[in-house]
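Pasted below: query-v4.txt, compact mmCIF, C-alpha atoms.
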# COMPACT_ATOMS: atom_id res chain seq x y z
CA MET A 1 0.00 0.00 0.00
CA ASN A 2 2.82 2.30 0.96
CA ARG A 3 4.53 1.53 -2.32
CA ILE A 4 1.42 2.43 -4.29
CA PHE A 5 1.22 5.79 -2.53
CA ARG A 6 4.89 6.45 -3.17
CA THR A 7 4.50 5.57 -6.85
CA GLY A 8 1.42 7.77 -7.14
CA ALA A 9 3.20 10.68 -5.54
CA LEU A 10 6.15 10.16 -7.86
CA VAL A 11 3.82 10.21 -10.87
CA LEU A 12 2.11 13.41 -9.77
CA VAL A 13 5.38 15.17 -9.06
CA ALA A 14 6.82 14.07 -12.39
CA ALA A 15 3.69 15.19 -14.24
CA ALA A 16 3.84 18.57 -12.56
CA LEU A 17 7.52 18.91 -13.38
CA LEU A 18 6.89 18.03 -17.01
CA ALA A 19 3.82 20.20 -17.46
CA THR A 20 5.04 23.31 -15.67
CA PRO A 21 7.77 24.33 -18.14
CA ILE A 22 5.48 23.79 -21.11
CA VAL A 23 2.67 25.83 -19.62
CA ALA A 24 5.10 28.47 -18.42
CA ALA A 25 6.66 28.76 -21.86
CA HIS A 26 3.27 29.17 -23.45
CA GLU A 27 2.24 31.64 -20.79
CA SER A 28 5.35 33.73 -21.31
CA ASP A 29 4.71 33.79 -25.05
CA THR A 30 1.17 35.02 -24.60
CA ASP A 31 2.28 37.43 -21.89
CA HIS A 32 4.82 38.80 -24.28
CA SER A 33 2.22 39.36 -26.96
CA HIS A 34 -0.10 40.96 -24.43
CA THR A 35 2.71 43.20 -23.21
CA GLU A 36 3.14 44.51 -26.70
CA ASN A 37 -0.43 45.74 -26.61
CA ASN A 38 -0.41 47.12 -23.13
CA PHE A 39 -0.74 50.68 -22.11
CA SER A 40 2.97 51.57 -22.07
CA SER A 41 3.55 50.36 -25.60
CA ARG A 42 0.50 52.26 -26.83
CA LEU A 43 1.73 55.34 -24.99
CA ALA A 44 5.07 55.04 -26.77
CA GLU A 45 3.22 54.89 -30.08
CA TYR A 46 1.14 57.95 -29.21
CA LYS A 47 4.27 59.87 -28.28
CA ALA A 48 6.08 58.80 -31.42
CA LYS A 49 3.30 60.20 -33.58
CA ARG A 50 3.38 63.53 -31.80
CA LYS A 51 5.06 66.29 -33.76
CA ALA A 52 5.97 68.92 -31.17
CA ASN A 53 6.60 68.78 -27.44
CA LEU A 54 4.91 71.04 -24.93
CA THR A 55 6.73 74.10 -23.70
CA ALA A 56 7.40 74.41 -20.00
CA ALA A 57 4.58 76.94 -19.64
CA GLN A 58 2.09 74.72 -21.50
CA GLU A 59 3.13 71.76 -19.38
CA THR A 60 2.56 73.64 -16.14
CA LYS A 61 -0.84 74.82 -17.30
CA LEU A 62 -1.85 71.33 -18.42
CA LYS A 63 -0.80 69.82 -15.10
CA ASN A 64 -3.25 72.07 -13.28
CA VAL A 65 -6.28 71.29 -15.45
CA CYS A 66 -5.75 67.80 -16.82
CA LYS A 67 -7.44 65.98 -13.92
CA ALA A 68 -10.65 67.93 -14.49
CA ALA A 69 -10.33 67.23 -18.22
CA GLN A 70 -10.06 63.53 -17.52
CA GLY A 71 -13.42 63.70 -15.74
CA LEU A 72 -14.97 65.22 -18.86
CA VAL A 73 -13.28 62.62 -21.04
CA ALA A 74 -14.90 59.92 -18.90
CA LYS A 75 -18.31 61.33 -19.77
CA VAL A 76 -17.41 61.31 -23.46
CA GLY A 77 -16.38 57.66 -23.05
CA GLN A 78 -19.70 56.73 -21.45
CA ARG A 79 -21.66 58.45 -24.20
CA GLN A 80 -19.54 56.78 -26.84
CA GLN A 81 -20.34 53.40 -25.36
CA THR A 82 -24.05 54.11 -25.85
CA VAL A 83 -23.41 55.29 -29.41
CA LYS A 84 -21.49 52.13 -30.16
CA GLU A 85 -24.22 49.81 -28.87
CA LYS A 86 -26.95 51.72 -30.71
CA ARG A 87 -25.05 51.73 -34.00
CA GLN A 88 -24.17 48.08 -33.81
CA ASN A 89 -27.80 47.20 -33.13
CA PHE A 90 -29.00 49.16 -36.15
CA TYR A 91 -26.36 47.83 -38.50
CA ASN A 92 -26.76 44.24 -37.36
CA ASN A 93 -30.52 44.50 -37.66
CA VAL A 94 -30.24 45.74 -41.25
CA ILE A 95 -27.78 43.00 -42.20
CA SER A 96 -29.96 40.37 -40.56
CA LYS A 97 -33.07 41.56 -42.40
CA LEU A 98 -31.25 41.68 -45.72
CA THR A 99 -29.85 38.18 -45.23
CA ASP A 100 -33.26 36.85 -44.30
CA LEU A 101 -34.78 38.55 -47.32
CA SER A 102 -32.15 37.03 -49.60
CA THR A 103 -33.03 33.55 -48.36
CA LYS A 104 -36.71 34.09 -48.92
CA LEU A 105 -36.17 35.62 -52.34
CA LYS A 106 -34.16 32.55 -53.35
CA ALA A 107 -37.08 30.42 -52.26
CA ALA A 108 -39.28 32.55 -54.53
CA ASN A 109 -36.86 31.98 -57.43
CA ILE A 110 -35.72 35.60 -57.54
CA ASN A 111 -32.12 36.29 -58.53
CA THR A 112 -30.33 37.55 -55.41
CA GLN A 113 -26.80 37.89 -56.74
CA GLU A 114 -26.83 41.66 -56.57
CA LEU A 115 -28.39 41.63 -53.13
CA ASP A 116 -25.83 39.15 -51.83
CA GLN A 117 -22.99 41.31 -53.12
CA ALA A 118 -24.55 44.34 -51.45
CA ILE A 119 -24.81 42.46 -48.16
CA ALA A 120 -21.15 41.46 -48.35
CA GLU A 121 -20.15 45.04 -49.11
CA LEU A 122 -22.20 46.36 -46.22
CA LYS A 123 -20.64 43.85 -43.85
CA THR A 124 -17.17 44.97 -44.87
CA LYS A 125 -18.05 48.59 -44.22
CA VAL A 126 -19.55 47.78 -40.82
CA GLU A 127 -16.46 45.76 -39.84
CA LYS A 128 -14.20 48.66 -40.75
CA PHE A 129 -16.41 51.00 -38.74
CA ASN A 130 -16.20 48.68 -35.72
CA THR A 131 -12.42 48.47 -35.98
CA ASP A 132 -11.92 52.21 -36.21
CA LEU A 133 -14.45 52.83 -33.45
CA ALA A 134 -12.57 50.41 -31.19
CA ALA A 135 -9.33 52.35 -31.77
CA TYR A 136 -11.09 55.61 -30.91
CA HIS A 137 -12.56 54.13 -27.75
CA GLN A 138 -9.17 52.74 -26.76
CA ALA A 139 -7.63 56.18 -27.05
CA ILE A 140 -10.41 57.63 -24.89
CA ALA A 141 -9.82 54.91 -22.27
CA ASP A 142 -6.07 55.59 -22.30
CA LEU A 143 -6.74 59.28 -21.88
CA GLN A 144 -8.56 58.50 -18.64
CA ASP A 145 -5.98 56.00 -17.41
CA ILE A 146 -2.82 58.04 -17.77
CA ASN A 147 -1.37 59.84 -14.76
CA CYS A 148 -1.56 63.22 -16.43
CA THR A 149 0.13 65.21 -13.69
CA GLU A 150 3.25 63.06 -13.97
CA ASP A 151 3.22 62.65 -17.74
CA THR A 152 1.65 65.68 -19.32
CA GLN A 153 3.46 65.04 -22.59
CA GLY A 154 1.84 61.60 -22.68
CA PHE A 155 -1.59 63.03 -21.89
CA LYS A 156 -1.29 65.54 -24.72
CA SER A 157 -0.07 62.82 -27.09
CA ILE A 158 -3.05 60.59 -26.31
CA LEU A 159 -5.45 63.49 -26.65
CA GLU A 160 -4.16 64.26 -30.12
CA ALA A 161 -4.26 60.57 -31.06
CA ALA A 162 -7.89 60.35 -29.91
CA ARG A 163 -8.81 63.35 -32.00
CA ALA A 164 -7.07 61.80 -34.99
CA ALA A 165 -8.84 58.46 -34.41
CA LEU A 166 -12.23 60.15 -34.55
CA ALA A 167 -11.89 61.18 -38.22
CA PRO A 168 -11.97 57.65 -39.75
CA VAL A 169 -14.88 56.67 -37.50
CA LYS A 170 -16.92 59.57 -38.75
CA ALA A 171 -15.95 58.82 -42.35
CA ASP A 172 -16.96 55.14 -41.92
CA ALA A 173 -20.34 56.11 -40.46
CA GLN A 174 -21.01 58.48 -43.34
CA ASP A 175 -19.92 55.84 -45.84
CA ILE A 176 -22.41 53.35 -44.39
CA ARG A 177 -25.15 55.95 -44.43
CA THR A 178 -24.48 56.77 -48.07
CA TYR A 179 -24.41 53.10 -49.00
CA LEU A 180 -27.70 52.37 -47.28
CA LYS A 181 -29.37 55.35 -48.89
CA ASP A 182 -27.91 55.15 -52.40
CA GLU A 183 -27.41 51.40 -52.91
CA ILE A 184 -29.51 49.31 -50.57
CA LYS A 185 -32.75 51.27 -50.74
CA PRO A 186 -32.87 51.40 -54.56
CA LEU A 187 -31.96 47.71 -54.65
CA LEU A 188 -34.86 46.88 -52.35
CA GLN A 189 -37.19 48.80 -54.62
CA GLN A 190 -35.84 46.88 -57.60
CA LEU A 191 -36.37 43.56 -55.83
CA ARG A 192 -39.91 44.54 -54.93
CA THR A 193 -40.66 45.12 -58.59
CA GLN A 194 -39.13 41.76 -59.54
CA LEU A 195 -41.10 39.98 -56.85
CA GLU A 196 -44.38 41.54 -57.93
CA ALA A 197 -43.69 40.57 -61.53
CA SER A 198 -42.89 37.03 -60.45
CA GLN A 199 -46.06 36.76 -58.39
CA THR A 200 -48.12 38.08 -61.33
CA ASN A 201 -46.60 35.47 -63.63
CA ASN A 202 -47.30 32.69 -61.16
CA GLU A 203 -50.93 33.78 -60.81
CA GLY A 204 -51.23 33.83 -64.62
CA ILE A 205 -49.87 30.30 -64.85
CA ASN A 206 -52.19 29.03 -62.15
CA MET B 1 5.40 -51.26 -33.91
CA ASP B 2 8.60 -53.21 -33.60
CA ASP B 3 10.42 -50.76 -35.85
CA GLN B 4 9.86 -47.94 -33.41
CA ASN B 5 11.60 -49.76 -30.62
CA LYS B 6 14.50 -50.71 -32.83
CA PRO B 7 17.65 -48.65 -32.50
CA GLN B 8 17.97 -46.34 -35.48
CA GLU B 9 21.14 -46.14 -37.50
CA THR B 10 22.51 -42.72 -38.31
CA PRO B 11 25.70 -41.90 -40.12
CA SER B 12 28.51 -40.74 -37.88
CA ASN B 13 31.22 -38.25 -38.81
CA ASN B 14 33.43 -40.89 -40.28
CA GLY B 15 30.63 -42.28 -42.38
CA GLN B 16 29.98 -45.28 -40.18
CA PHE B 17 26.54 -45.86 -38.83
CA MET B 18 25.97 -45.46 -35.12
CA ASP B 19 23.21 -46.81 -33.01
CA VAL B 20 20.94 -44.10 -31.67
CA GLN B 21 18.89 -45.15 -28.73
CA PRO B 22 15.39 -43.68 -28.47
CA PRO B 23 14.91 -41.50 -25.40
CA LYS B 24 13.60 -43.28 -22.41
CA PRO B 25 11.69 -41.48 -19.69
CA ASP B 26 13.75 -43.09 -16.98
CA ASP B 27 17.07 -42.18 -18.58
CA GLN B 28 19.33 -39.92 -16.62
CA PRO B 29 21.37 -37.30 -18.47
CA PRO B 30 24.83 -38.50 -19.33
CA THR B 31 26.70 -35.92 -17.20
CA PRO B 32 25.74 -34.53 -13.85
CA ALA B 33 26.91 -31.01 -14.89
CA THR B 34 23.96 -30.44 -17.23
CA ASN B 35 21.42 -31.58 -14.70
CA PRO B 36 23.04 -31.49 -11.30
CA THR B 37 21.31 -32.77 -8.29
CA PRO B 38 21.35 -29.41 -6.42
CA VAL B 39 19.38 -27.80 -9.29
CA GLU B 40 16.66 -30.33 -8.84
CA VAL B 41 16.60 -29.44 -5.20
CA SER B 42 16.40 -25.70 -5.86
CA GLN B 43 13.66 -26.16 -8.45
CA ALA B 44 11.71 -28.22 -6.06
CA GLU B 45 12.12 -25.65 -3.33
CA ALA B 46 11.70 -22.52 -5.45
CA PRO B 47 8.05 -21.81 -4.54
CA GLN B 48 8.94 -21.72 -0.86
CA PRO B 49 9.20 -18.14 0.42
CA ALA B 50 12.35 -18.66 2.45
CA PRO B 51 14.26 -21.51 0.90
CA ALA B 52 17.19 -22.91 2.65
CA GLU B 53 19.00 -23.68 -0.59
CA PRO B 54 19.45 -20.13 -1.94
CA ALA B 55 21.68 -19.49 1.01
CA GLN B 56 24.23 -21.70 -0.67
CA PRO B 57 25.30 -19.11 -3.26
CA ALA B 58 26.26 -16.77 -0.45
CA GLU B 59 28.74 -19.34 0.70
CA PRO B 60 30.22 -20.78 -2.44
CA VAL B 61 32.79 -23.43 -2.24
CA PRO B 62 36.12 -21.63 -2.24
CA VAL B 63 38.10 -22.34 -5.35
CA THR B 64 41.78 -22.04 -4.64
CA PRO B 65 44.65 -22.79 -6.95
CA GLU B 66 45.23 -25.90 -4.96
CA SER B 67 41.68 -27.01 -5.62
CA SER B 68 42.27 -26.75 -9.35
CA GLU B 69 44.20 -29.98 -9.09
CA PRO B 70 42.30 -32.91 -10.45
CA ALA B 71 39.96 -34.09 -7.81
CA PRO B 72 37.97 -37.21 -7.60
CA ALA B 73 35.15 -37.28 -10.11
CA ALA B 74 32.39 -37.15 -7.53
CA THR B 75 33.89 -34.12 -5.78
CA THR B 76 34.31 -32.23 -9.09
CA GLN B 77 30.73 -32.85 -10.06
CA GLU B 78 29.46 -31.62 -6.72
CA THR B 79 31.56 -28.46 -6.97
CA GLN B 80 30.34 -27.67 -10.49
CA ALA B 81 26.79 -28.22 -9.45
CA THR B 82 27.14 -26.00 -6.44
CA GLN B 83 28.64 -23.19 -8.52
CA GLU B 84 25.83 -23.28 -11.08
CA VAL B 85 23.07 -22.91 -8.52
CA PRO B 86 23.29 -19.09 -8.22
CA THR B 87 22.44 -18.62 -11.91
CA PRO B 88 18.76 -19.55 -11.98
CA VAL B 89 16.68 -16.92 -13.82
CA ASN B 90 13.87 -16.24 -11.41
CA THR B 91 15.44 -15.68 -8.06
CA PRO B 92 13.35 -13.54 -5.68
CA ALA B 93 16.02 -10.80 -5.70
CA LYS B 94 15.96 -10.50 -9.48
CA GLN B 95 12.19 -10.57 -9.52
CA LYS B 96 12.15 -7.77 -7.00
CA ARG B 97 14.60 -5.71 -9.10
CA HIS B 98 12.53 -6.31 -12.23
CA GLY B 99 9.43 -5.31 -10.32
CA HIS B 100 11.08 -2.04 -9.27
CA ALA B 101 12.21 -1.27 -12.81
CA PHE B 102 8.77 -1.98 -14.18
CA ALA B 103 7.15 0.27 -11.57
CA ILE B 104 9.53 3.12 -12.39
CA ILE B 105 8.95 2.82 -16.16
CA LEU B 106 5.21 2.67 -15.58
CA ALA B 107 5.38 5.76 -13.36
CA ILE B 108 7.33 7.68 -16.00
CA VAL B 109 4.87 6.73 -18.72
CA ILE B 110 1.89 7.74 -16.58
CA ALA B 111 3.64 11.00 -15.68
CA ILE B 112 4.19 11.85 -19.35
CA VAL B 113 0.59 11.03 -20.19
CA LEU B 114 -0.64 13.16 -17.28
CA ALA B 115 1.62 16.03 -18.35
CA VAL B 116 0.29 15.89 -21.89
CA ILE B 117 -3.29 15.85 -20.60
CA VAL B 118 -2.59 18.84 -18.34
CA VAL B 119 -1.07 20.82 -21.20
CA LEU B 120 -3.92 19.97 -23.54
CA LEU B 121 -6.51 20.94 -20.95
CA TYR B 122 -4.65 24.16 -20.28
CA LEU B 123 -4.50 25.05 -23.98
CA ARG B 124 -8.15 24.20 -24.45
CA SER B 125 -9.18 26.33 -21.49
CA ARG B 126 -7.12 29.22 -22.85
CA ASP B 127 -8.82 28.92 -26.23
CA THR B 128 -12.27 28.99 -24.71
CA VAL B 129 -11.44 31.98 -22.54
CA ILE B 130 -9.49 34.01 -25.07
CA GLY B 131 -11.50 33.07 -28.13
CA PRO B 132 -14.59 35.18 -27.53
CA THR B 133 -12.66 38.20 -26.25
CA GLU B 134 -10.23 38.17 -29.14
CA SER B 135 -13.04 38.07 -31.62
CA GLY B 136 -14.45 41.06 -29.69
CA ASN B 137 -16.02 43.42 -32.12
CA THR B 138 -16.39 40.95 -34.89
CA ASP B 139 -18.49 38.39 -33.06
CA THR B 140 -21.70 40.31 -33.56
CA SER B 141 -21.02 40.63 -37.23
CA GLN B 142 -20.16 36.95 -37.39
CA ASN B 143 -23.55 36.16 -35.95
CA THR B 144 -25.18 38.06 -38.73
CA THR B 145 -23.09 36.34 -41.36
CA GLN B 146 -24.76 33.03 -40.72
CA GLN B 147 -26.81 32.58 -43.79
CA GLN B 148 -29.67 30.17 -43.75
CA ALA B 149 -29.45 27.63 -46.48
CA PRO B 150 -32.59 27.64 -48.54
CA THR B 151 -34.66 24.62 -47.75
CA GLN B 152 -38.02 23.47 -48.87
CA GLN B 153 -39.54 24.80 -45.65
CA THR B 154 -38.18 28.31 -46.25
CA PRO B 155 -41.08 30.66 -46.83
CA LYS B 156 -41.06 32.64 -50.03
CA ALA B 157 -40.42 36.36 -49.95
CA THR B 158 -43.38 38.68 -49.92
CA ASN B 159 -43.78 42.42 -50.28
CA GLU B 160 -44.13 42.52 -46.52
CA ASP B 161 -40.60 41.17 -46.12
CA ILE B 162 -39.18 43.83 -48.39
CA SER B 163 -41.14 46.50 -46.54
CA GLN B 164 -39.76 45.32 -43.20
CA THR B 165 -36.22 45.40 -44.54
CA ALA B 166 -36.70 48.86 -45.97
CA ALA B 167 -38.09 49.96 -42.61
CA ALA B 168 -34.97 48.68 -40.84
CA VAL B 169 -32.79 50.65 -43.25
CA ASP B 170 -34.86 53.78 -42.71
CA GLU B 171 -34.64 53.36 -38.95
CA ALA B 172 -30.84 53.04 -39.11
CA LEU B 173 -30.67 56.19 -41.21
CA SER B 174 -33.05 58.25 -39.16
CA GLN B 175 -32.00 57.17 -35.67
CA THR B 176 -28.31 57.89 -36.13
CA ASN B 177 -26.65 61.24 -36.47
CA ASP B 178 -23.03 61.13 -37.50
CA ASP B 179 -22.30 64.73 -36.62
CA SER B 180 -23.59 64.54 -33.08
CA ASP B 181 -22.40 60.97 -32.38
CA PHE B 182 -18.87 61.71 -33.52
CA SER B 183 -18.40 65.37 -32.92
CA ASN B 184 -15.00 67.01 -33.03
CA ASN B 185 -16.16 69.16 -30.13
CA ASP B 186 -16.18 66.17 -27.77
CA LEU B 187 -12.42 66.31 -27.29
CA ALA B 188 -11.82 69.94 -28.20
CA ASP B 189 -9.68 72.03 -25.83
CA SER B 190 -12.65 74.26 -25.13
CA SER B 191 -14.90 71.29 -24.23
CA LEU B 192 -12.28 69.84 -21.88
CA SER B 193 -11.41 73.22 -20.32
CA LEU B 194 -7.83 72.90 -21.34
Representation of the structure as structure tokens:
Amino acid sequence: MNRIFRTGALVLVAAALLATPIVAAHESDTDHSHTENNFSSRLAEYKAKRKANLTAAQETKLKNVCKAAQGLVAKVGQRQQTVKEKRQNFYNNVISKLTDLSTKLKAANINTQELDQAIAELKTKVEKFNTDLAAYHQAIADLQDINCTEDTQGFKSILEAARAALAPVKADAQDIRTYLKDEIKPLLQQLRTQLEASQTNNEGIN
Amino acid sequence: MDDQNKPQETPSNNGQFMDVQPPKPDDQPPTPATNPTPVEVSQAEAPQPAPAEPAQPAEPVPVTPESSEPAPAATTQETQATQEVPTPVNTPAKQKRHGHAFAIILAIVIAIVLAVIVVLLYLRSRDTVIGPTESGNTDTSQNTTQQQAPTQQTPKATNEDISQTAAAVDEALSQTNDDSDFSNNDLADSSLSL
């Protein structure tokens, strides 16, 4: 009995010794990749993109007001979260309806090639919007996280990066709007006409 | 029947035929060295847990240069037999050593298998935890990409379906305002009192 316990203990210890280095190696790899995306590396990127440094006077002024500014940035972040959820709901709802319609039109023997291409195009635009919006939200989060009184240069760098990140988000949103208005809506009207014609033909045959 | 009991003739090395006697069950081996009496004793006593005979190898008959002188035949046979006793294959000591080696090899194999299972479980758990978060923003769009394959049960499109889709598009257009949702003023110096 004692021997069985000793053998069992030996097995467990050996298994732990074998598994630990493998898991640790994998963990260190993933940690390394996570470290690359952590706050300090992003801050370095923000600073690298910055063109001019603050003067001593600007730095002193910013130190005094940046904490209050961070409070206002937090409100912007909260509002942006609502905007994100609302937009994603609308876009996903449209894509879902279009996909459902495509399936039903196929069942009605209507050619959906153009509609399917439009759905794919819309999905690509929405994905780009989501990606750019995520970058904008990340910059807003970093703006709140930084210790602005100790690193005013960093705070200013992130602020400028956040402003720059807003431009593509706005462009993506306008692109989606234009596509829905100028491509999808006319296409739906075209499909309605085709469907009515198909139904009329079927009634004539019957 | 009589032929079987007859001695067979086989050619010898010099071409002459020799008589070969058929084996008899009562025959003893020709030399005591190949089947010594002590071996029979040890085989007979092997199943006993504490045999008296295995103690003999611990006290072998000392072989001195003087003893290498030709001894009487009976004495030589006894000495050879005594010296060959320690070589049986399944002595308890060897069995014990083999048992230990087998246990260690088994333990190592089980340890490796356990280690592999632990690593696989770890990797699987990481995938399930990281997977959804890494997909992050794209998971919602992935949900919408699932297209239903047209089946015979799929209802056909109606004008109502197109109207509902158009209504969803109109809602997305009317309920969103790009200028207010993504205003440059949000992070302007004046808005942040900078």
**Q.** 6 Å contacts from chain B to chain A using all atoms listed in the file, as a list in words
**A.** Ala107, Ala111, Leu114, Ala115, Thr144, Pro150, Pro155, Lys156, Ala157, Thr165, Ala168, Val169, Ala172, Phe182 and Leu192 of chain B
Q.
Quick check, in Å to one decimal: how far apart do atom CA of Glu121 of chain A and atom CA of Thr154 of chain B lie?
A. 24.8 Å
(Q) Give me the residues near Phe39 of chain A as a PyMOL selection string, where near means some atom within 12 Å (using all atoms listed in the file) and where sequence neighbours in that chain fewer than 2 positions away do not count. (A) chain A and resi 34-37+41-46+138-139+141-147+154+158
Q) Hey, can you check how far atom CA of Thr91 of chain B sits from atom CA of Ile104 of chain B? A) 20.2 Å
Provide segment 104-128 of chain B rebuilt to N, CA and C atoms, formatted as a short mmCIF file (atom, residue, chain, number, x, y, z; two decimals), in the coordinates of the input.
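File out_1.cif, as written:
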data_model
loop_
_atom_site.label_atom_id
_atom_site.label_comp_id
_atom_site.auth_asym_id
_atom_site.auth_seq_id
_atom_site.Cartn_x
_atom_site.Cartn_y
_atom_site.Cartn_z
N ILE B 104 8.97 1.81 -12.05
CA ILE B 104 9.53 3.12 -12.39
C ILE B 104 9.17 3.49 -13.83
N ILE B 105 9.29 2.54 -14.75
CA ILE B 105 8.95 2.82 -16.16
C ILE B 105 7.47 3.17 -16.27
N LEU B 106 6.65 2.41 -15.55
CA LEU B 106 5.21 2.67 -15.58
C LEU B 106 4.91 4.07 -15.04
N ALA B 107 5.59 4.43 -13.97
CA ALA B 107 5.38 5.76 -13.36
C ALA B 107 5.77 6.86 -14.33
N ILE B 108 6.88 6.66 -15.04
CA ILE B 108 7.33 7.68 -16.00
C ILE B 108 6.32 7.82 -17.14
N VAL B 109 5.84 6.68 -17.62
CA VAL B 109 4.87 6.73 -18.72
C VAL B 109 3.60 7.44 -18.28
N ILE B 110 3.12 7.10 -17.10
CA ILE B 110 1.89 7.74 -16.58
C ILE B 110 2.13 9.23 -16.38
N ALA B 111 3.32 9.59 -15.90
CA ALA B 111 3.64 11.00 -15.68
C ALA B 111 3.61 11.77 -17.00
N ILE B 112 4.18 11.17 -18.04
CA ILE B 112 4.19 11.85 -19.35
C ILE B 112 2.76 12.02 -19.86
N VAL B 113 1.98 10.95 -19.72
CA VAL B 113 0.59 11.03 -20.19
C VAL B 113 -0.16 12.11 -19.42
N LEU B 114 0.03 12.15 -18.10
CA LEU B 114 -0.64 13.16 -17.28
C LEU B 114 -0.20 14.56 -17.70
N ALA B 115 1.10 14.72 -17.95
CA ALA B 115 1.62 16.03 -18.35
C ALA B 115 0.99 16.48 -19.66
N VAL B 116 0.89 15.55 -20.59
CA VAL B 116 0.29 15.89 -21.89
C VAL B 116 -1.18 16.29 -21.70
N ILE B 117 -1.87 15.54 -20.84
CA ILE B 117 -3.29 15.85 -20.60
C ILE B 117 -3.42 17.24 -19.97
N VAL B 118 -2.54 17.52 -19.01
CA VAL B 118 -2.59 18.84 -18.34
C VAL B 118 -2.37 19.95 -19.35
N VAL B 119 -1.37 19.77 -20.21
CA VAL B 119 -1.07 20.82 -21.20
C VAL B 119 -2.22 20.99 -22.17
N LEU B 120 -2.80 19.88 -22.60
CA LEU B 120 -3.92 19.97 -23.54
C LEU B 120 -5.12 20.66 -22.90
N LEU B 121 -5.40 20.30 -21.65
CA LEU B 121 -6.51 20.94 -20.95
C LEU B 121 -6.26 22.43 -20.78
N TYR B 122 -5.00 22.75 -20.46
CA TYR B 122 -4.65 24.16 -20.28
C TYR B 122 -4.87 24.93 -21.57
N LEU B 123 -4.37 24.36 -22.69
CA LEU B 123 -4.50 25.05 -23.98
C LEU B 123 -5.97 25.18 -24.37
N ARG B 124 -6.74 24.13 -24.10
CA ARG B 124 -8.15 24.20 -24.45
C ARG B 124 -8.87 25.27 -23.64
N SER B 125 -8.53 25.32 -22.33
CA SER B 125 -9.18 26.33 -21.49
C SER B 125 -8.81 27.73 -21.94
N ARG B 126 -7.55 27.91 -22.36
CA ARG B 126 -7.12 29.22 -22.85
C ARG B 126 -7.90 29.60 -24.10
N ASP B 127 -8.10 28.63 -24.98
CA ASP B 127 -8.82 28.92 -26.23
C ASP B 127 -10.25 29.35 -25.93
N THR B 128 -10.88 28.66 -24.98
CA THR B 128 -12.27 28.99 -24.71
C THR B 128 -12.39 30.34 -24.02
#
